[in-house]
Every structure is written in structure tokens, then in C-alpha cells.
Amino acid sequence: MIGMIGRLRGELVELEGATALVEAGGVGYEVSVPDLVAVNLVVGTEVTLLTRQIFREDGVSLYGFLNAFQRRVFDLLLSVKGCGPKVGLALLGQIGEDGVASAIASQDARALTRASGVGVRLAERIILELKDKIQEETFNRRVLANATPAKKVRPADELVESLLGLGFKRLEAESAAEIARETESDVEEQLKHAVRVLTKK
């Protein structure tokens, strides 16, 4: 079983068109990237690319992307008959992942035909096969973007609750509790110290 290269971080030593040469661990990897990715790369700097490795009879190719959604759209495009890596890169490189997703969701075949190698029939097939999937991916992306990490519950939160019970506002209570914890180790003393902080004029 050959391991797949899913992420590549190293120095960008060469950039020719939309082909990047990234040196990582002493090995130079040739990575094909969308045009919109290529314009953001600077030779001589460290780059991190999410990659997709594709095996074919004539060899192995590596494709690079700046974010997970970009790579996911590429994967979806490749699942459509007649849409190979070259066309997938053209769509992402000339329209962008958000543009592609928007065109598919709104069934705008004309927008997709702006990319090289995409005719009306292929554009319509892409929309037909990916409309539901792209809407799901876009929804999941929004959910993740809006998700906030769960706040860690600390044992000392009882101090904050005690201050709330005394009528102080939460933000004030949390701020005073932090100060009290840095000064006192005993919870009872922390409460007294926090109250002094909150009632100090």
C-alpha cells in the first residue's frame, strides 16, 4: 500500500507557470496548483499546501491547494465524467473555489464555461451531478466557520458563580475572579479579594 501525500510543507525553490517545486526533507516535489494559488506563492519562502496525489498509467501527479475547501471542490469536480485534473485546475484557477461552488449552486453553466476546456455540455453535467453535494459542502463549511470552541469549565468557576449570586455582572465577576486567583490560593479568600476588587471605587 503506497502512502498518499496529503500535506506538503517546505521551501518553494521554483515556480514555473502553475507548477511549483517544493523542497521538503531534501526531496523536491513538483506540484501543479491552480493559477489563483500560483499568484500567491513566492519563491524562496516556506509554503504549506494541502495536496491530492493522483495515480495514472503514465505516472503520478501531485496537485496542491491552499485550503481544505479548495481541495474538496477539486475532488468533487474529478468525480464528474469528462472533468479531469487539468479541467479541475482550470476551474479553480480561473474562477476560484467560491466562484465554482456559487455557479454550481445557482445552476449558472455559463459562468463555468469561462474556464478553459469547459464547454456547455460539461458545465451542465457538473451542475447536474454536483449541485446537491456542493450545497452540502458549502453548508458544512459555514457551520465550521461559525463554530466556536467549547469554553473549558474550570473548578474555580464556583468563584464566579458566587460573585454572580452576590449581584455582580458576569464579565465583572470573571475579571475579578482572575485577579483574585493570582493573589489568593484559598477559595474563600479569593471570594473576599474579588469582592474588594469589585467594590473598590
# chains A, B, ... in the order shown; residues from 1 in each chain; ligands from 1
$ select_by_dssp --residues "chain A" --states "strand (DSSP E or B)" --output "PDB file with N, CA and C atoms, in the first residue's frame"
ATOM      1  N   ARG A   7      -0.367  16.442   2.598  1.00  0.00           N
ATOM      2  CA  ARG A   7       0.045  17.784   3.005  1.00  0.00           C
ATOM      3  C   ARG A   7       1.533  17.918   2.782  1.00  0.00           C
ATOM      4  N   LEU A   8       1.943  19.071   2.291  1.00  0.00           N
ATOM      5  CA  LEU A   8       3.354  19.278   1.979  1.00  0.00           C
ATOM      6  C   LEU A   8       3.786  20.653   2.480  1.00  0.00           C
ATOM      7  N   ARG A   9       4.855  20.648   3.280  1.00  0.00           N
ATOM      8  CA  ARG A   9       5.391  21.919   3.777  1.00  0.00           C
ATOM      9  C   ARG A   9       6.889  21.963   3.513  1.00  0.00           C
ATOM     10  N   GLY A  10       7.332  23.032   2.893  1.00  0.00           N
ATOM     11  CA  GLY A  10       8.749  23.144   2.590  1.00  0.00           C
ATOM     12  C   GLY A  10       9.039  24.451   1.874  1.00  0.00           C
ATOM     13  N   GLU A  11      10.255  24.590   1.366  1.00  0.00           N
ATOM     14  CA  GLU A  11      10.643  25.814   0.681  1.00  0.00           C
ATOM     15  C   GLU A  11      10.256  25.753  -0.792  1.00  0.00           C
ATOM     16  N   LEU A  12       9.652  26.826  -1.258  1.00  0.00           N
ATOM     17  CA  LEU A  12       9.318  26.929  -2.672  1.00  0.00           C
ATOM     18  C   LEU A  12      10.593  27.353  -3.401  1.00  0.00           C
ATOM     19  N   VAL A  13      11.220  26.424  -4.102  1.00  0.00           N
ATOM     20  CA  VAL A  13      12.504  26.722  -4.737  1.00  0.00           C
ATOM     21  C   VAL A  13      12.348  27.138  -6.198  1.00  0.00           C
ATOM     22  N   GLU A  14      11.184  26.844  -6.758  1.00  0.00           N
ATOM     23  CA  GLU A  14      10.968  27.222  -8.157  1.00  0.00           C
ATOM     24  C   GLU A  14       9.476  27.292  -8.456  1.00  0.00           C
ATOM     25  N   LEU A  15       9.110  28.216  -9.321  1.00  0.00           N
ATOM     26  CA  LEU A  15       7.710  28.346  -9.729  1.00  0.00           C
ATOM     27  C   LEU A  15       7.687  28.676 -11.215  1.00  0.00           C
ATOM     28  N   GLU A  16       7.230  27.723 -11.995  1.00  0.00           N
ATOM     29  CA  GLU A  16       7.162  27.909 -13.436  1.00  0.00           C
ATOM     30  C   GLU A  16       5.706  27.771 -13.872  1.00  0.00           C
ATOM     31  N   THR A  19       3.242  25.409 -11.954  1.00  0.00           N
ATOM     32  CA  THR A  19       3.936  24.250 -11.393  1.00  0.00           C
ATOM     33  C   THR A  19       4.952  24.720 -10.363  1.00  0.00           C
ATOM     34  N   ALA A  20       4.761  24.267  -9.139  1.00  0.00           N
ATOM     35  CA  ALA A  20       5.646  24.666  -8.041  1.00  0.00           C
ATOM     36  C   ALA A  20       6.581  23.518  -7.685  1.00  0.00           C
ATOM     37  N   LEU A  21       7.825  23.862  -7.415  1.00  0.00           N
ATOM     38  CA  LEU A  21       8.792  22.869  -6.942  1.00  0.00           C
ATOM     39  C   LEU A  21       9.048  23.154  -5.471  1.00  0.00           C
ATOM     40  N   VAL A  22       8.579  22.260  -4.627  1.00  0.00           N
ATOM     41  CA  VAL A  22       8.694  22.435  -3.184  1.00  0.00           C
ATOM     42  C   VAL A  22       9.693  21.427  -2.618  1.00  0.00           C
ATOM     43  N   GLU A  23      10.704  21.929  -1.919  1.00  0.00           N
ATOM     44  CA  GLU A  23      11.699  21.049  -1.318  1.00  0.00           C
ATOM     45  C   GLU A  23      11.342  20.801   0.139  1.00  0.00           C
ATOM     46  N   ALA A  24      11.139  19.530   0.458  1.00  0.00           N
ATOM     47  CA  ALA A  24      10.785  19.147   1.823  1.00  0.00           C
ATOM     48  C   ALA A  24      11.585  17.907   2.205  1.00  0.00           C
ATOM     49  N   VAL A  27      13.914  16.480  -0.470  1.00  0.00           N
ATOM     50  CA  VAL A  27      13.300  15.973  -1.703  1.00  0.00           C
ATOM     51  C   VAL A  27      12.515  17.094  -2.381  1.00  0.00           C
ATOM     52  N   GLY A  28      12.660  17.229  -3.683  1.00  0.00           N
ATOM     53  CA  GLY A  28      11.916  18.251  -4.415  1.00  0.00           C
ATOM     54  C   GLY A  28      10.648  17.666  -5.011  1.00  0.00           C
ATOM     55  N   TYR A  29       9.513  18.226  -4.645  1.00  0.00           N
ATOM     56  CA  TYR A  29       8.217  17.738  -5.136  1.00  0.00           C
ATOM     57  C   TYR A  29       7.647  18.719  -6.160  1.00  0.00           C
ATOM     58  N   GLU A  30       7.292  18.201  -7.318  1.00  0.00           N
ATOM     59  CA  GLU A  30       6.645  19.022  -8.339  1.00  0.00           C
ATOM     60  C   GLU A  30       5.145  18.993  -8.087  1.00  0.00           C
ATOM     61  N   VAL A  31       4.574  20.160  -7.881  1.00  0.00           N
ATOM     62  CA  VAL A  31       3.157  20.241  -7.545  1.00  0.00           C
ATOM     63  C   VAL A  31       2.436  21.175  -8.519  1.00  0.00           C
ATOM     64  N   SER A  32       1.374  20.677  -9.131  1.00  0.00           N
ATOM     65  CA  SER A  32       0.557  21.525 -10.003  1.00  0.00           C
ATOM     66  C   SER A  32      -0.473  22.238  -9.140  1.00  0.00           C
ATOM     67  N   GLU A  46       8.709  29.666   2.708  1.00  0.00           N
ATOM     68  CA  GLU A  46       8.130  28.384   3.098  1.00  0.00           C
ATOM     69  C   GLU A  46       6.649  28.367   2.713  1.00  0.00           C
ATOM     70  N   VAL A  47       6.217  27.271   2.158  1.00  0.00           N
ATOM     71  CA  VAL A  47       4.811  27.138   1.772  1.00  0.00           C
ATOM     72  C   VAL A  47       4.225  25.873   2.387  1.00  0.00           C
ATOM     73  N   THR A  48       2.932  25.915   2.610  1.00  0.00           N
ATOM     74  CA  THR A  48       2.214  24.737   3.081  1.00  0.00           C
ATOM     75  C   THR A  48       1.047  24.505   2.133  1.00  0.00           C
ATOM     76  N   LEU A  49       1.024  23.341   1.525  1.00  0.00           N
ATOM     77  CA  LEU A  49      -0.035  23.017   0.574  1.00  0.00           C
ATOM     78  C   LEU A  49      -0.738  21.735   0.982  1.00  0.00           C
ATOM     79  N   LEU A  50      -2.063  21.759   0.913  1.00  0.00           N
ATOM     80  CA  LEU A  50      -2.828  20.521   1.053  1.00  0.00           C
ATOM     81  C   LEU A  50      -2.786  19.888  -0.329  1.00  0.00           C
ATOM     82  N   THR A  51      -2.483  18.618  -0.404  1.00  0.00           N
ATOM     83  CA  THR A  51      -2.260  18.011  -1.706  1.00  0.00           C
ATOM     84  C   THR A  51      -3.195  16.848  -2.008  1.00  0.00           C
ATOM     85  N   ARG A  52      -3.292  16.578  -3.287  1.00  0.00           N
ATOM     86  CA  ARG A  52      -4.029  15.402  -3.751  1.00  0.00           C
ATOM     87  C   ARG A  52      -3.129  14.678  -4.737  1.00  0.00           C
ATOM     88  N   GLN A  53      -2.832  13.431  -4.430  1.00  0.00           N
ATOM     89  CA  GLN A  53      -1.944  12.624  -5.257  1.00  0.00           C
ATOM     90  C   GLN A  53      -2.788  11.722  -6.161  1.00  0.00           C
ATOM     91  N   ILE A  54      -2.540  11.795  -7.452  1.00  0.00           N
ATOM     92  CA  ILE A  54      -3.330  11.020  -8.410  1.00  0.00           C
ATOM     93  C   ILE A  54      -2.420  10.080  -9.195  1.00  0.00           C
ATOM     94  N   PHE A  55      -2.775   8.809  -9.176  1.00  0.00           N
ATOM     95  CA  PHE A  55      -2.002   7.776  -9.863  1.00  0.00           C
ATOM     96  C   PHE A  55      -2.644   7.462 -11.213  1.00  0.00           C
ATOM     97  N   ARG A  56      -1.830   7.463 -12.248  1.00  0.00           N
ATOM     98  CA  ARG A  56      -2.294   7.115 -13.587  1.00  0.00           C
ATOM     99  C   ARG A  56      -1.290   6.159 -14.220  1.00  0.00           C
ATOM    100  N   GLY A  59       2.086   7.726 -14.873  1.00  0.00           N
ATOM    101  CA  GLY A  59       2.838   8.310 -13.777  1.00  0.00           C
ATOM    102  C   GLY A  59       1.977   8.791 -12.620  1.00  0.00           C
ATOM    103  N   VAL A  60       2.627   9.485 -11.704  1.00  0.00           N
ATOM    104  CA  VAL A  60       1.951  10.004 -10.510  1.00  0.00           C
ATOM    105  C   VAL A  60       2.027  11.523 -10.534  1.00  0.00           C
ATOM    106  N   SER A  61       0.901  12.171 -10.269  1.00  0.00           N
ATOM    107  CA  SER A  61       0.860  13.640 -10.262  1.00  0.00           C
ATOM    108  C   SER A  61       0.420  14.137  -8.898  1.00  0.00           C
ATOM    109  N   LEU A  62       0.947  15.296  -8.534  1.00  0.00           N
ATOM    110  CA  LEU A  62       0.624  15.895  -7.244  1.00  0.00           C
ATOM    111  C   LEU A  62       0.023  17.272  -7.479  1.00  0.00           C
ATOM    112  N   TYR A  63      -1.127  17.523  -6.850  1.00  0.00           N
ATOM    113  CA  TYR A  63      -1.832  18.794  -7.012  1.00  0.00           C
ATOM    114  C   TYR A  63      -1.926  19.470  -5.649  1.00  0.00           C
ATOM    115  N   GLY A  64      -1.699  20.780  -5.628  1.00  0.00           N
ATOM    116  CA  GLY A  64      -1.653  21.487  -4.351  1.00  0.00           C
ATOM    117  C   GLY A  64      -2.701  22.577  -4.213  1.00  0.00           C
ATOM    118  N   PHE A  65      -3.156  22.777  -2.968  1.00  0.00           N
ATOM    119  CA  PHE A  65      -4.224  23.736  -2.675  1.00  0.00           C
ATOM    120  C   PHE A  65      -3.932  24.468  -1.369  1.00  0.00           C
TER     121      PHE A  65
END
$ residues_around --residues "stretch 80-97 of chain A" --least-positions-apart "4" --cutoff "9 Å" --atoms "only C-alpha atoms" --output "PyMOL selection string"
chain A and resi 32-38+54+63+69-71+73-76+101-102+111-118+122+125-126+129-130
$ select_by_dssp --residues "stretch 11-62 of chain A" --states "helix (DSSP H, G or I)" --output "PyMOL selection string"
chain A and resi 35-38
$ atom_distance --atom1 "atom CA of A:Lys131" --atom2 "atom CA of A:Gly6"
25.8 Å
$ residues_around --residues "stretch 192-201 of chain A" --least-positions-apart "4" --cutoff "6 Å" --atoms "only C-alpha atoms" --output "list of chain:residue names"
A:Ala176, A:Ala177, A:Ala180
$ write_last_selection --atoms "C-alpha atoms" --output "mmCIF file, in the first residue's frame"
data_model
loop_
_atom_site.group_PDB
_atom_site.id
_atom_site.type_symbol
_atom_site.label_atom_id
_atom_site.label_comp_id
_atom_site.auth_asym_id
_atom_site.auth_seq_id
_atom_site.Cartn_x
_atom_site.Cartn_y
_atom_site.Cartn_z
ATOM 1 C CA ALA A 176 -12.280 39.969 39.341
ATOM 2 C CA ALA A 177 -12.054 36.185 39.781
ATOM 3 C CA ALA A 180 -8.241 37.005 42.906
#
$ closest_residue --among "A:Asp98, A:Glu57, A:Glu188, A:Glu137" --to "A:Leu159" --atoms "only C-alpha atoms"
A:Glu188
$ closest_residue --among "A:Val120, A:Leu41, A:Leu77, A:Ala109" --to "A:Lys133" --atoms "only C-alpha atoms"
A:Leu77
$ atom_distance --atom1 "atom CA of A:Gly17" --atom2 "atom CA of A:Arg110"
26.3 Å
